[in-house]
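Coordinates from my_file_35.cif are shown below (mmCIF, C-alpha atoms).
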```
data_model
#
loop_
_atom_site.label_atom_id
_atom_site.label_comp_id
_atom_site.auth_asym_id
_atom_site.auth_seq_id
_atom_site.Cartn_x
_atom_site.Cartn_y
_atom_site.Cartn_z
CA MET A 24 9.63 -42.47 -42.47
CA LYS A 25 7.46 -39.38 -42.94
CA VAL A 26 5.34 -39.65 -46.10
CA ALA A 27 2.90 -37.09 -47.49
CA LEU A 28 -0.71 -38.19 -47.07
CA SER A 29 -1.43 -37.38 -50.73
CA GLU A 30 1.52 -39.50 -51.92
CA ILE A 31 0.74 -42.63 -49.93
CA ARG A 32 -2.95 -42.32 -50.79
CA SER A 33 -2.18 -42.10 -54.50
CA ARG A 34 0.21 -45.05 -54.40
CA CYS A 35 -2.18 -47.26 -52.45
CA GLU A 36 -5.14 -46.51 -54.73
CA ALA A 37 -3.00 -47.27 -57.79
CA ILE A 38 -1.91 -50.60 -56.34
CA PHE A 39 -5.45 -51.81 -55.70
CA ARG A 40 -6.67 -50.61 -59.11
CA ALA A 41 -3.79 -52.48 -60.75
CA ALA A 42 -4.80 -55.58 -58.76
CA GLY A 43 -8.26 -55.46 -60.30
CA VAL A 44 -10.24 -53.47 -57.72
CA SER A 45 -12.65 -50.80 -59.00
CA PHE A 46 -11.78 -47.10 -58.67
CA SER A 47 -14.41 -46.49 -55.98
CA ASP A 48 -13.47 -49.59 -53.97
CA ALA A 49 -9.76 -48.70 -54.22
CA GLU A 50 -10.63 -45.34 -52.65
CA ILE A 51 -12.56 -47.02 -49.83
CA ILE A 52 -9.83 -49.47 -48.83
CA THR A 53 -7.19 -46.74 -49.08
CA ASP A 54 -9.21 -44.42 -46.83
CA VAL A 55 -9.55 -47.16 -44.22
CA LEU A 56 -5.86 -48.12 -44.32
CA LEU A 57 -4.73 -44.49 -44.25
CA GLU A 58 -6.84 -43.60 -41.21
CA THR A 59 -5.66 -46.75 -39.47
CA GLU A 60 -2.03 -45.83 -40.16
CA MET A 61 -2.55 -42.25 -38.95
CA ARG A 62 -4.07 -43.54 -35.73
CA GLY A 63 -0.89 -45.52 -35.07
CA VAL A 64 -2.40 -48.97 -35.60
CA PHE A 65 0.47 -49.97 -37.90
CA THR A 66 -0.28 -53.70 -37.83
CA HIS A 67 -3.56 -53.06 -39.66
CA GLY A 68 -2.46 -50.22 -41.94
CA PHE A 69 -0.30 -50.20 -45.07
CA HIS A 70 1.66 -53.17 -43.73
CA ARG A 71 -1.23 -55.31 -44.98
CA VAL A 72 -1.25 -54.06 -48.60
CA PRO A 73 1.15 -56.68 -50.07
CA TYR A 74 -0.76 -59.47 -48.31
CA TYR A 75 -4.12 -58.34 -49.68
CA VAL A 76 -2.62 -58.04 -53.18
CA ASN A 77 -1.12 -61.53 -52.87
CA CYS A 78 -4.58 -62.94 -52.08
CA LEU A 79 -6.09 -60.98 -54.98
CA LYS A 80 -3.50 -62.33 -57.42
CA LYS A 81 -3.78 -65.93 -56.17
CA GLY A 82 -7.58 -65.99 -56.20
CA GLY A 83 -8.39 -66.18 -52.52
CA ILE A 84 -9.93 -62.70 -52.68
CA GLN A 85 -12.19 -61.72 -55.57
CA PRO A 86 -11.54 -58.10 -56.63
CA LYS A 87 -14.99 -57.42 -58.14
CA SER A 88 -17.16 -59.08 -55.47
CA GLU A 89 -20.09 -57.09 -54.12
CA LEU A 90 -21.95 -57.18 -50.82
CA THR A 91 -24.99 -59.27 -51.76
CA VAL A 92 -28.06 -59.10 -49.51
CA VAL A 93 -29.30 -62.63 -48.78
CA SER A 94 -32.16 -61.71 -46.43
CA ASP A 95 -33.46 -58.31 -45.42
CA THR A 96 -35.80 -56.68 -42.91
CA PRO A 97 -36.15 -52.97 -41.99
CA SER A 98 -33.63 -53.32 -39.14
CA ARG A 99 -31.52 -56.33 -40.10
CA ALA A 100 -29.73 -57.84 -43.10
CA LEU A 101 -27.68 -60.94 -43.81
CA CYS A 102 -25.14 -60.43 -46.59
CA ASP A 103 -22.68 -62.58 -48.53
CA GLY A 104 -19.33 -61.06 -49.45
CA GLU A 105 -18.65 -63.64 -52.18
CA GLY A 106 -14.98 -63.76 -51.23
CA GLY A 107 -14.29 -60.05 -51.64
CA LEU A 108 -11.97 -57.73 -49.73
CA GLY A 109 -13.08 -57.69 -46.11
CA ILE A 110 -12.41 -53.97 -45.61
CA ILE A 111 -14.57 -52.93 -48.55
CA LEU A 112 -17.37 -55.33 -47.61
CA SER A 113 -17.27 -54.14 -44.00
CA TYR A 114 -17.41 -50.46 -44.94
CA LYS A 115 -20.47 -51.11 -47.11
CA ALA A 116 -22.08 -53.30 -44.44
CA MET A 117 -21.73 -50.62 -41.78
CA ARG A 118 -23.09 -47.99 -44.17
CA LEU A 119 -26.13 -50.25 -44.60
CA ALA A 120 -26.46 -50.68 -40.82
CA ILE A 121 -26.35 -46.90 -40.34
CA GLU A 122 -29.04 -46.35 -42.99
CA LYS A 123 -31.28 -48.90 -41.29
CA ALA A 124 -30.68 -47.28 -37.90
CA LYS A 125 -31.75 -43.91 -39.28
CA LYS A 126 -35.11 -45.43 -40.21
CA THR A 127 -35.79 -47.89 -37.39
CA GLY A 128 -33.47 -46.85 -34.56
CA ILE A 129 -31.19 -49.87 -34.94
CA GLY A 130 -29.46 -51.55 -37.83
CA ILE A 131 -27.74 -54.93 -37.72
CA VAL A 132 -25.85 -56.36 -40.68
CA GLN A 133 -24.14 -59.74 -40.68
CA VAL A 134 -21.66 -60.79 -43.35
CA ARG A 135 -20.36 -64.18 -44.42
CA GLY A 136 -17.95 -65.09 -47.21
CA SER A 137 -15.52 -62.31 -46.31
CA HIS A 138 -11.84 -61.96 -45.41
CA HIS A 139 -9.70 -60.03 -42.92
CA PHE A 140 -11.54 -56.77 -42.21
CA GLY A 141 -8.72 -54.61 -40.85
CA ALA A 142 -9.19 -52.41 -37.79
CA ALA A 143 -12.63 -52.88 -36.22
CA GLY A 144 -12.56 -49.37 -34.77
CA TYR A 145 -12.86 -47.78 -38.20
CA TYR A 146 -16.38 -49.14 -38.67
CA THR A 147 -17.65 -48.23 -35.22
CA GLY A 148 -16.07 -44.81 -35.72
CA MET A 149 -18.36 -44.41 -38.74
CA CYS A 150 -21.32 -44.79 -36.38
CA ALA A 151 -19.97 -42.29 -33.87
CA ALA A 152 -19.40 -39.77 -36.68
CA ALA A 153 -23.06 -40.24 -37.62
CA GLY A 154 -24.14 -39.57 -34.01
CA MET A 155 -24.81 -43.23 -33.28
CA LEU A 156 -23.50 -46.05 -31.14
CA GLY A 157 -21.63 -48.72 -33.05
CA MET A 158 -20.43 -52.28 -32.60
CA ALA A 159 -18.26 -54.35 -34.93
CA MET A 160 -16.79 -57.81 -34.60
CA SER A 161 -15.22 -60.51 -36.74
CA ASN A 162 -13.97 -64.03 -36.35
CA GLY A 163 -10.74 -65.29 -37.90
CA ASP A 164 -8.38 -68.23 -38.19
CA VAL A 165 -7.47 -69.99 -34.96
CA LEU A 166 -4.59 -68.38 -33.06
CA VAL A 167 -5.67 -68.35 -29.40
CA ALA A 168 -5.91 -71.16 -26.85
CA ALA A 169 -9.17 -71.78 -25.05
CA THR A 170 -8.71 -71.64 -21.30
CA GLY A 171 -7.24 -75.01 -20.34
CA SER A 172 -6.22 -75.90 -23.91
CA ARG A 173 -2.67 -76.34 -25.21
CA GLU A 174 -3.47 -75.75 -28.88
CA ARG A 175 -4.81 -73.03 -31.16
CA THR A 176 -8.55 -73.23 -30.62
CA ILE A 177 -10.27 -69.99 -31.57
CA GLY A 178 -9.56 -66.78 -33.46
CA ASN A 179 -8.06 -63.63 -31.99
CA ASN A 180 -11.52 -62.23 -32.70
CA PRO A 181 -11.61 -58.40 -32.76
CA PHE A 182 -14.37 -56.40 -31.08
CA SER A 183 -15.06 -52.66 -31.17
CA PHE A 184 -17.57 -50.31 -29.59
CA ALA A 185 -17.82 -46.58 -30.26
CA ALA A 186 -19.98 -43.64 -29.20
CA PRO A 187 -20.15 -39.93 -30.06
CA ALA A 188 -18.62 -37.89 -27.25
CA GLY A 189 -19.38 -34.23 -27.88
CA LYS A 190 -16.32 -31.99 -27.47
CA TYR A 191 -14.19 -35.12 -27.08
CA GLY A 192 -15.07 -36.31 -30.57
CA LYS A 193 -15.71 -40.02 -30.27
CA MET A 194 -14.90 -42.80 -27.84
CA VAL A 195 -13.60 -45.87 -29.69
CA TYR A 196 -12.83 -49.12 -27.88
CA ASP A 197 -11.06 -51.62 -30.17
CA ILE A 198 -9.51 -54.85 -28.93
CA ALA A 199 -8.54 -58.37 -29.92
CA MET A 200 -8.71 -61.27 -27.51
CA SER A 201 -5.06 -62.12 -26.84
CA TYR A 202 -2.64 -60.28 -24.58
CA SER A 203 -0.62 -59.35 -27.63
CA SER A 204 -0.73 -59.74 -31.40
CA ASP A 205 1.37 -62.51 -32.93
CA LYS A 206 3.19 -59.86 -34.99
CA LYS A 207 4.49 -58.19 -31.82
CA ILE A 208 5.71 -61.52 -30.42
CA ILE A 209 7.41 -62.44 -33.71
CA LYS A 210 9.12 -59.04 -33.68
CA MET A 211 10.37 -59.69 -30.13
CA ALA A 212 11.78 -63.03 -31.27
CA GLU A 213 13.58 -61.37 -34.19
CA GLU A 214 15.15 -58.90 -31.78
CA GLY A 215 16.10 -61.62 -29.30
CA LYS A 216 13.84 -60.21 -26.61
CA PRO A 217 11.65 -62.21 -24.18
CA CYS A 218 7.91 -61.68 -24.08
CA PRO A 219 6.11 -60.96 -20.80
CA PRO A 220 4.75 -63.88 -18.76
CA GLY A 221 1.23 -64.95 -19.66
CA TRP A 222 1.36 -63.94 -23.33
CA ILE A 223 2.04 -67.36 -24.89
CA ILE A 224 2.49 -71.03 -24.16
CA ASP A 225 4.93 -73.28 -26.02
CA LYS A 226 3.98 -76.25 -28.23
CA ASP A 227 3.76 -78.47 -25.14
CA GLY A 228 1.38 -76.13 -23.35
CA ASN A 229 3.94 -74.74 -20.91
CA ASP A 230 4.08 -71.08 -19.91
CA THR A 231 7.08 -69.41 -21.50
CA THR A 232 8.69 -66.01 -21.97
CA ASP A 233 10.73 -67.26 -24.96
CA ALA A 234 9.19 -65.28 -27.81
CA SER A 235 10.76 -67.61 -30.39
CA ALA A 236 8.59 -70.46 -29.04
CA TYR A 237 5.55 -68.95 -30.76
CA GLU A 238 6.70 -69.75 -34.29
CA LYS A 239 7.75 -73.23 -33.15
CA GLY A 240 4.17 -74.25 -32.45
CA GLY A 241 3.38 -71.92 -29.57
CA VAL A 242 -0.05 -70.43 -28.94
CA LEU A 243 -1.38 -67.00 -27.94
CA LEU A 244 -3.17 -66.79 -24.59
CA PRO A 245 -6.42 -64.84 -24.15
CA PHE A 246 -6.24 -61.65 -22.10
CA GLY A 247 -7.71 -62.03 -18.63
CA GLY A 248 -7.77 -65.81 -18.90
CA TYR A 249 -11.31 -67.13 -19.19
CA LYS A 250 -12.67 -63.58 -19.62
CA GLY A 251 -10.88 -63.02 -22.91
CA TYR A 252 -11.69 -66.57 -23.99
CA GLY A 253 -15.37 -65.97 -23.24
CA MET A 254 -15.36 -62.77 -25.31
CA ALA A 255 -13.73 -64.65 -28.19
CA MET A 256 -16.59 -67.16 -28.02
CA MET A 257 -19.13 -64.34 -28.01
CA VAL A 258 -17.63 -62.83 -31.16
CA GLU A 259 -17.47 -66.26 -32.85
CA THR A 260 -21.17 -66.68 -32.09
CA MET A 261 -22.27 -63.25 -33.30
CA ALA A 262 -20.01 -63.00 -36.34
CA ALA A 263 -19.85 -66.59 -37.57
CA ALA A 264 -22.42 -68.94 -36.03
CA LEU A 265 -25.18 -66.38 -36.64
CA SER A 266 -24.13 -65.48 -40.20
CA GLY A 267 -23.35 -68.93 -41.58
CA ALA A 268 -19.65 -68.16 -42.03
CA ALA A 269 -16.87 -70.64 -41.32
CA MET A 270 -16.11 -71.22 -37.65
CA THR A 271 -12.88 -71.85 -35.73
CA ARG A 272 -10.67 -74.36 -37.61
CA ASP A 273 -12.76 -74.15 -40.79
CA VAL A 274 -11.66 -70.54 -41.36
CA HIS A 275 -8.89 -70.29 -43.97
CA ALA A 276 -6.09 -68.00 -42.87
CA TRP A 277 -5.97 -65.36 -45.61
CA ASN A 278 -2.24 -64.72 -45.12
CA VAL A 279 -1.39 -68.45 -44.95
CA ASN A 280 -3.72 -69.79 -47.66
CA PRO A 281 -3.95 -66.85 -50.09
CA GLU A 282 -5.56 -68.98 -52.76
CA GLN A 283 -8.59 -69.91 -50.64
CA ASN A 284 -11.77 -68.02 -49.70
CA GLY A 285 -11.46 -67.41 -45.97
CA ASN A 286 -15.27 -67.36 -45.46
CA VAL A 287 -14.81 -65.07 -42.46
CA GLY A 288 -17.90 -63.69 -40.69
CA HIS A 289 -18.62 -60.18 -39.40
CA PHE A 290 -21.28 -58.51 -37.25
CA PHE A 291 -22.08 -54.80 -37.43
CA MET A 292 -24.57 -52.78 -35.41
CA ALA A 293 -25.54 -49.13 -35.51
CA MET A 294 -27.91 -47.74 -32.87
CA ASP A 295 -29.49 -44.32 -33.06
CA VAL A 296 -29.20 -42.21 -29.92
CA THR A 297 -32.59 -40.96 -28.73
CA VAL A 298 -31.52 -39.39 -25.43
CA PRO A 299 -31.44 -35.62 -26.17
CA ASP A 300 -28.47 -34.84 -23.95
CA PHE A 301 -26.50 -38.01 -24.65
CA GLU A 302 -23.32 -36.33 -25.89
CA ALA A 303 -23.37 -33.90 -22.96
CA ARG A 304 -23.62 -36.89 -20.64
CA MET A 305 -20.68 -38.50 -22.44
CA GLU A 306 -18.68 -35.30 -21.95
CA THR A 307 -19.50 -35.32 -18.24
CA MET A 308 -18.46 -38.94 -17.84
CA ILE A 309 -15.18 -38.52 -19.74
CA THR A 310 -14.31 -35.27 -17.94
CA GLU A 311 -14.87 -36.93 -14.58
CA ILE A 312 -12.69 -39.90 -15.53
CA LYS A 313 -9.89 -37.77 -16.95
CA SER A 314 -9.84 -35.58 -13.85
CA SER A 315 -9.57 -38.48 -11.41
CA GLU A 316 -6.51 -38.67 -9.18
CA LYS A 317 -3.50 -39.92 -11.12
CA ALA A 318 -1.14 -42.70 -10.11
CA ALA A 319 2.54 -41.94 -9.59
CA GLY A 320 4.29 -41.04 -12.83
CA VAL A 321 1.07 -40.56 -14.81
CA THR A 322 0.61 -37.18 -16.48
CA GLU A 323 -2.73 -37.74 -18.19
CA ILE A 324 -5.62 -40.20 -18.11
CA PHE A 325 -6.98 -41.09 -21.54
CA PHE A 326 -10.37 -42.40 -22.58
CA PRO A 327 -10.58 -45.24 -25.17
CA GLY A 328 -9.44 -44.05 -28.59
CA GLU A 329 -8.10 -40.69 -27.41
CA ILE A 330 -4.43 -41.47 -27.99
CA GLU A 331 -5.19 -42.69 -31.50
CA ALA A 332 -7.35 -39.63 -32.23
CA ASN A 333 -4.50 -37.34 -31.14
CA LYS A 334 -2.11 -39.09 -33.51
CA GLN A 335 -4.59 -38.80 -36.38
CA ALA A 336 -5.14 -35.09 -35.74
CA ALA A 337 -1.37 -34.48 -35.72
CA CYS A 338 -0.96 -36.31 -39.04
CA GLU A 339 -3.79 -34.35 -40.63
CA ALA A 340 -2.37 -31.05 -39.40
CA GLU A 341 1.08 -31.86 -40.77
CA GLY A 342 -0.15 -33.56 -43.93
CA MET A 343 2.28 -36.40 -43.24
CA VAL A 344 2.16 -39.89 -41.77
CA ASP A 345 4.87 -42.15 -40.33
CA VAL A 346 5.23 -45.38 -42.33
CA ALA A 347 7.77 -48.04 -41.40
CA GLU A 348 10.69 -48.36 -43.83
CA GLU A 349 10.04 -52.06 -44.32
CA THR A 350 6.40 -51.31 -45.14
CA LEU A 351 7.40 -48.72 -47.74
CA ALA A 352 9.90 -51.18 -49.21
CA ALA A 353 7.17 -53.84 -49.47
CA ILE A 354 4.83 -51.36 -51.14
CA THR A 355 7.55 -50.49 -53.66
CA GLU A 356 8.07 -54.19 -54.42
CA THR A 357 4.32 -54.58 -54.89
CA GLU A 358 4.30 -51.67 -57.34
CA LYS A 359 7.11 -53.32 -59.32
CA MET A 360 5.30 -56.63 -59.36
CA LEU A 361 2.15 -54.93 -60.67
CA GLN A 362 4.26 -52.90 -63.12
CA ILE A 363 3.18 -49.53 -61.71
CA PHE A 364 5.69 -46.92 -62.79
#
```

Serialized structure, structure tokens:
Amino acid sequence: MKVALSEIRSRCEAIFRAAGVSFSDAEIITDVLLETEMRGVFTHGFHRVPYYVNCLKKGGIQPKSELTVVSDTPSRALCDGEGGLGIILSYKAMRLAIEKAKKTGIGIVQVRGSHHFGAAGYYTGMCAAAGMLGMAMSNGDVLVAATGSRERTIGNNPFSFAAPAGKYGKMVYDIAMSYSSDKKIIKMAEEGKPCPPGWIIDKDGNDTTDASAYEKGGVLLPFGGYKGYGMAMMVETMAAALSGAAMTRDVHAWNVNPEQNGNVGHFFMAMDVTVPDFEARMETMITEIKSSEKAAGVTEIFFPGEIEANKQAACEAEGMVDVAEETLAAITETEKMLQIF
């Protein structure tokens, strides 16, 4: 359904304030969720609001937690999120990384004691908007099989990279490590549709296209086989092993155990661009790629993040955003539960 940006922003901010989050932090998390929704990444937009509120009410997420610096150098910091909202902690961590990069050329901030941090591309996009390169990654609860394994072994650990791109705005690459999200597979099962080969294995470790097998003990497979598995290990190393956060099976699933601190780890990097003509070079590269010969049936070649940027621009021009009916219904139920009238 089409919803006015001002309306959904106001409702979301009110929900988080009613759940105990400060006014300024409610604005931050709403901004992140709204941009994510406008960019068409619905799985990480307003769909998540009731789940975050559930964790806040049950104690797994602390509404007043701050990003506490544990150790600090001019170019690097280790922070503890003290069980706070992952999106708010991540926004503040990347702001800190950008400030460090302005002074030293590079800023790295690691976070432990956090929760689900939403869409990784938002934080790297902050770097690109500041004229910098950005990287963001997070570990999470185990959902994906290691290559050769038949069980859930490692998180579907998100990774994002972004760069300023001159007239093209910003290039934002944002991925997780499985072929598909579990939400998409669950949706296919609800609709009685099969999933493509190579997306999941069943509880016995067999390849299957039966989407319903996932919720019966099935496991997500990494994209590209050992390549996606290797990237998941890299993110686990950078975000968790290096920060002191929980790793693999020790991570508490925030949407499964809402009463427990997830102790998720994140890694953020901002790098200042010192090459004078960097954005012009980015324009040249993207123009060359977009003008390459197209395959049959293809009308346009897109660079990473371009489709999402087009959707966001259209929403901003119209002042409206598409929100799924079931998401709006869940938001309304959350408002009732919090007695927001």

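When only C-alpha atoms are used to compute distances to Lys193 in chain A, the closest of the residues A:Pro281, A:Gly154, A:Pro217, A:Gly320 turns out to be A:Gly154.
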
* Asked: Quick one: residues within 8 Å of range 164-168 of chain A, only C-alpha atoms counted, chain neighbours fewer than 5 positions away excluded, as a VMD selection string?
  -> chain A and resid 173 to 179 200 to 201 242 to 245 252 271 to 276

Interface rows for range 107-166 of chain A against range 56-62 of chain A: nearest pair, Å to one decimal, 9 Å, all atoms listed in the file, as JSON lines:
```
{"residue": "A:Ile110", "atom": "CA", "partner": "A:Leu56", "partner_atom": "CA", "distance": 8.9}
{"residue": "A:Gly141", "atom": "CA", "partner": "A:Leu56", "partner_atom": "CA", "distance": 7.9}
{"residue": "A:Ala142", "atom": "CA", "partner": "A:Thr59", "partner_atom": "CA", "distance": 6.9}
{"residue": "A:Gly144", "atom": "CA", "partner": "A:Thr59", "partner_atom": "CA", "distance": 8.8}
{"residue": "A:Tyr145", "atom": "CA", "partner": "A:Thr59", "partner_atom": "CA", "distance": 7.4}
```

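Selection by the PyMOL selection byres ((chain A and resi 324) around 6) on the present file picks out Lys313, Glu323 and Phe325 of chain A.
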
* To do: Determine the residue set returned by the PyMOL selection byres ((chain A and resi 278) around 12) for the present structure, and present it as a list of chain:residue names.
  => A:Arg71, A:Val72, A:Pro73, A:Tyr74, A:Tyr75, A:Val76, A:Asn77, A:Cys78, A:Leu79, A:Lys81, A:Gly83, A:Ile84, A:His138, A:His139, A:Gly163, A:Asp164, A:Val274, A:His275, A:Ala276, A:Trp277, A:Val279, A:Asn280, A:Pro281, A:Glu282, A:Gln283, A:Asn284, A:Gly285

Write to file, as a PDB file, in the coordinates of the input, the residues of the selection just made, with C-alpha atoms.
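Heads up, here's the output in part-v4.pdb:
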```pdb
ATOM      1  CA  ARG A  71      -1.230 -55.310 -44.980  1.00  0.00           C
ATOM      2  CA  VAL A  72      -1.250 -54.060 -48.600  1.00  0.00           C
ATOM      3  CA  PRO A  73       1.150 -56.680 -50.070  1.00  0.00           C
ATOM      4  CA  TYR A  74      -0.760 -59.470 -48.310  1.00  0.00           C
ATOM      5  CA  TYR A  75      -4.120 -58.340 -49.680  1.00  0.00           C
ATOM      6  CA  VAL A  76      -2.620 -58.040 -53.180  1.00  0.00           C
ATOM      7  CA  ASN A  77      -1.120 -61.530 -52.870  1.00  0.00           C
ATOM      8  CA  CYS A  78      -4.580 -62.940 -52.080  1.00  0.00           C
ATOM      9  CA  LEU A  79      -6.090 -60.980 -54.980  1.00  0.00           C
ATOM     10  CA  LYS A  81      -3.780 -65.930 -56.170  1.00  0.00           C
ATOM     11  CA  GLY A  83      -8.390 -66.180 -52.520  1.00  0.00           C
ATOM     12  CA  ILE A  84      -9.930 -62.700 -52.680  1.00  0.00           C
ATOM     13  CA  HIS A 138     -11.840 -61.960 -45.410  1.00  0.00           C
ATOM     14  CA  HIS A 139      -9.700 -60.030 -42.920  1.00  0.00           C
ATOM     15  CA  GLY A 163     -10.740 -65.290 -37.900  1.00  0.00           C
ATOM     16  CA  ASP A 164      -8.380 -68.230 -38.190  1.00  0.00           C
ATOM     17  CA  VAL A 274     -11.660 -70.540 -41.360  1.00  0.00           C
ATOM     18  CA  HIS A 275      -8.890 -70.290 -43.970  1.00  0.00           C
ATOM     19  CA  ALA A 276      -6.090 -68.000 -42.870  1.00  0.00           C
ATOM     20  CA  TRP A 277      -5.970 -65.360 -45.610  1.00  0.00           C
ATOM     21  CA  VAL A 279      -1.390 -68.450 -44.950  1.00  0.00           C
ATOM     22  CA  ASN A 280      -3.720 -69.790 -47.660  1.00  0.00           C
ATOM     23  CA  PRO A 281      -3.950 -66.850 -50.090  1.00  0.00           C
ATOM     24  CA  GLU A 282      -5.560 -68.980 -52.760  1.00  0.00           C
ATOM     25  CA  GLN A 283      -8.590 -69.910 -50.640  1.00  0.00           C
ATOM     26  CA  ASN A 284     -11.770 -68.020 -49.700  1.00  0.00           C
ATOM     27  CA  GLY A 285     -11.460 -67.410 -45.970  1.00  0.00           C
TER      28      GLY A 285
END
```

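Taken over the whole file, the PyMOL selection byres ((chain A and resi 336-351) around 7) covers exactly A:Met24, A:Lys25, A:Val26, A:Ala27, A:Leu28, A:Met61, A:Phe69, A:His70, A:Ala332, A:Asn333, A:Lys334, A:Gln335, A:Ala352, A:Ala353, A:Ile354, A:Thr355.
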
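In this structure, CA of Lys216 in chain A sits 7.0 Å away from CA of Ala234 in chain A.
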